[in-house]
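Chemist: So that we are looking at the same thing, I have put the structure below in structure tokens.
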Amino acid sequence: MTTRLIFGIAVSLAFVGLAACGSSSAVPFQPPALPTKPVAAVTPSPPLGRMYVSDGANPGTIKAYAWPSLPLGNPLATLIGSNGPQGMAFDKAGDLFVANSAGQAVQVFSQPITDGAKPRFTLKPFFLFCLGSCSNPLLPDVAVDSAGGLALDEGGTLYYQHCIEVCFATLTLKRSLYVYPAPVSASSPYHEISFSCQVHFKGYKRIGSNCPDSGFGFFADIAFDRSGNLWAALSDGHLEEYASPATTSAPVLSVPISASGIKFDTIGNLYVGTSNGVDVYRPPFSASMTKAFSINVAAPGYLAFDATGKLLVSSAGKNVLVFVPPFSSTSVSVATLPLVASGIAIGH
């Protein structure tokens, strides 16, 4: 074989090899896998959010703090309520609803809620007012409250509580729920569910009344249970349940329990702020229901739960106490927050 022939065969084989490398049927080169280090298990952190507090030390302001960051730092945002913000709640979209106890209106703040944020809109039913006690010395002392509490049901319908006291020749006492169907907007229609009674006078002489002998109570707080029933704590020392809250004014249950605040946890237990603690009731509820136990809190006011089940309670008008589940009669607070809270809500 000649040298030229050998060279030609070698060149031909080289071209064949190059063609094979460029074909789609070739298996790509896979480098050997490198050994990996085991990854340490990571405990997930609680979801970050915010605690909104109606600042009783500076009436008219709402402060938002990082939550559950402890100890509390400086407020992330400060909002201006119209007058005495009190009841607060979030809808599923994250909008913050604020009832103003003296401003007699509900302000709605949309996300993102930044420092100095203005409400996107305000709800103010027509003919909404609350006068102070009458000057007639024969009139009984009446615990007068104005717009102070609100709650949203599972579907987003807003319930907003208010009272009216009018004094002319007749003292008219009236408590109302204003109901705004979902989705709530600045132009939402509403209807009113009213409870009222009257005391009649001729001069300074009381001549008649259709008010109950036990007194007439205004709303102190409202909350929804897991079945969608509305519960109301009344200032006359009664706790009432309404099975069809959007359409009826007749309670299906009324029990003599005096409450400053009420909330339900995720499994349906009822928490009631009383004069010297938070009483816990387990379902089923009835006229003869009794508390399962009490959590010791001095003069509890407003109650709120966060996403992890922690219970926050305003205490004695000067602190917010934090309790960690499971709760019992021996529960003690894990943190004392130096906040004068006229309302508490956990959100974003």
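Identifiers in the structure tokens: chain A, B, ... in order shown; residue index from 1 per chain; ligand index from 1 in order shown.
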Identify, on the basis of only C-alpha atoms, every residue whose closest approach to segment 217-223 of chain A does not exceed 10 Å; exclude the query and any residue fewer than 5 positions from it along the same chain; express the result as a ChimeraX atom specification.
Modeler: /A:87,142-153,159-164,173-177,195-196,212,228-241,258-264,270,302
Chemist: Go ahead and write the residues just picked, C-alpha atoms, as a PDB file, in the first residue's frame.
Modeler:
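Here's the written file out_30.pdb:
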```pdb
ATOM      1  CA  GLY A  87     -62.732  48.356  66.435  1.00  0.00           C
ATOM      2  CA  VAL A 142     -76.975  55.038  80.664  1.00  0.00           C
ATOM      3  CA  ALA A 143     -73.728  53.639  79.325  1.00  0.00           C
ATOM      4  CA  VAL A 144     -73.604  55.451  76.006  1.00  0.00           C
ATOM      5  CA  ASP A 145     -71.305  54.214  73.296  1.00  0.00           C
ATOM      6  CA  SER A 146     -71.046  55.301  69.699  1.00  0.00           C
ATOM      7  CA  ALA A 147     -69.606  53.557  66.656  1.00  0.00           C
ATOM      8  CA  GLY A 148     -66.992  51.342  68.193  1.00  0.00           C
ATOM      9  CA  GLY A 149     -66.888  47.785  66.884  1.00  0.00           C
ATOM     10  CA  LEU A 150     -67.087  45.907  63.629  1.00  0.00           C
ATOM     11  CA  ALA A 151     -66.717  42.408  62.225  1.00  0.00           C
ATOM     12  CA  LEU A 152     -66.634  40.801  58.785  1.00  0.00           C
ATOM     13  CA  ASP A 153     -68.264  37.452  58.143  1.00  0.00           C
ATOM     14  CA  TYR A 159     -71.260  44.515  60.317  1.00  0.00           C
ATOM     15  CA  TYR A 160     -70.766  47.851  62.028  1.00  0.00           C
ATOM     16  CA  GLN A 161     -72.214  48.673  65.454  1.00  0.00           C
ATOM     17  CA  HIS A 162     -73.526  52.008  66.611  1.00  0.00           C
ATOM     18  CA  CYS A 163     -75.827  53.577  69.174  1.00  0.00           C
ATOM     19  CA  ILE A 164     -78.143  56.562  69.269  1.00  0.00           C
ATOM     20  CA  LEU A 173     -82.288  54.478  73.303  1.00  0.00           C
ATOM     21  CA  LYS A 174     -81.247  52.638  70.183  1.00  0.00           C
ATOM     22  CA  ARG A 175     -78.509  50.247  69.187  1.00  0.00           C
ATOM     23  CA  SER A 176     -77.976  49.394  65.545  1.00  0.00           C
ATOM     24  CA  LEU A 177     -76.004  47.141  63.261  1.00  0.00           C
ATOM     25  CA  PHE A 195     -83.028  47.511  68.746  1.00  0.00           C
ATOM     26  CA  SER A 196     -84.657  50.350  70.698  1.00  0.00           C
ATOM     27  CA  PRO A 212     -86.665  46.102  79.889  1.00  0.00           C
ATOM     28  CA  GLY A 228     -71.496  32.228  60.786  1.00  0.00           C
ATOM     29  CA  ASN A 229     -73.616  33.251  63.774  1.00  0.00           C
ATOM     30  CA  LEU A 230     -73.067  36.730  65.139  1.00  0.00           C
ATOM     31  CA  TRP A 231     -72.357  37.174  68.850  1.00  0.00           C
ATOM     32  CA  ALA A 232     -72.778  40.495  70.625  1.00  0.00           C
ATOM     33  CA  ALA A 233     -71.561  41.580  74.050  1.00  0.00           C
ATOM     34  CA  LEU A 234     -73.996  44.140  75.445  1.00  0.00           C
ATOM     35  CA  SER A 235     -73.331  46.843  78.018  1.00  0.00           C
ATOM     36  CA  ASP A 236     -76.275  45.626  80.136  1.00  0.00           C
ATOM     37  CA  GLY A 237     -74.338  42.461  81.007  1.00  0.00           C
ATOM     38  CA  HIS A 238     -75.760  40.069  78.414  1.00  0.00           C
ATOM     39  CA  LEU A 239     -74.122  38.009  75.689  1.00  0.00           C
ATOM     40  CA  GLU A 240     -76.372  37.310  72.693  1.00  0.00           C
ATOM     41  CA  GLU A 241     -76.214  35.062  69.611  1.00  0.00           C
ATOM     42  CA  SER A 258     -70.878  40.630  81.148  1.00  0.00           C
ATOM     43  CA  ALA A 259     -68.152  41.086  78.537  1.00  0.00           C
ATOM     44  CA  SER A 260     -65.791  43.852  77.498  1.00  0.00           C
ATOM     45  CA  GLY A 261     -64.553  41.919  74.456  1.00  0.00           C
ATOM     46  CA  ILE A 262     -65.250  38.624  72.662  1.00  0.00           C
ATOM     47  CA  LYS A 263     -63.342  36.502  70.151  1.00  0.00           C
ATOM     48  CA  PHE A 264     -63.470  32.950  68.747  1.00  0.00           C
ATOM     49  CA  LEU A 270     -65.316  31.478  72.794  1.00  0.00           C
ATOM     50  CA  TYR A 302     -59.744  44.065  73.528  1.00  0.00           C
TER      51      TYR A 302
END
```
Chemist: Find the distance between atom CA of Ala287 of chain A and atom CA of Val199 of chain A and write it in Å to one decimal.
Modeler: 29.0 Å
Chemist: Just the residues within 10 Å of segment 95-101 of chain A, please, counting only C-alpha atoms, with nothing from its chain fewer than 6 positions along; format it as an MDAnalysis selection string.
Modeler: chainID A and resid 52 54 60 62 81:89 107:113 119:120 122:123 130 145:152 158 160:162 342:343 345:348
Chemist: Nearest to Ala316 of chain A: which of A:Phe293, A:Val340, A:Ser331, A:Phe216 is it, counting only C-alpha atoms?
Modeler: A:Val340
Chemist: List the neighbours of Thr157 of chain A out to 8 Å using only C-alpha atoms; skip same-chain residues closer than 3 positions along the sequence, and give me the result as a ChimeraX atom specification.
Modeler: /A:152-154,179-184
Chemist: Write the residues you've just listed into a file as a PDB file, in the first residue's frame, and include C-alpha atoms for each of them.
Modeler:
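Final output, out24.pdb:
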```
ATOM      1  CA  LEU A 152     -66.634  40.801  58.785  1.00  0.00           C
ATOM      2  CA  ASP A 153     -68.264  37.452  58.143  1.00  0.00           C
ATOM      3  CA  GLU A 154     -66.693  34.672  56.083  1.00  0.00           C
ATOM      4  CA  VAL A 179     -74.771  45.767  57.314  1.00  0.00           C
ATOM      5  CA  TYR A 180     -72.751  46.298  54.115  1.00  0.00           C
ATOM      6  CA  PRO A 181     -72.888  43.305  51.721  1.00  0.00           C
ATOM      7  CA  ALA A 182     -69.649  42.115  50.116  1.00  0.00           C
ATOM      8  CA  PRO A 183     -67.742  43.354  48.238  1.00  0.00           C
ATOM      9  CA  VAL A 184     -67.685  46.517  50.340  1.00  0.00           C
TER      10      VAL A 184
END
```
Chemist: Which of these residues is nearest to Arg226 of chain A, using only C-alpha atoms: A:Ala298, A:Ile267, A:Ile207, A:Ile257?
Modeler: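 Nearest candidate to Arg226 of chain A out of A:Ala298, A:Ile267, A:Ile207, A:Ile257: A:Ile267.
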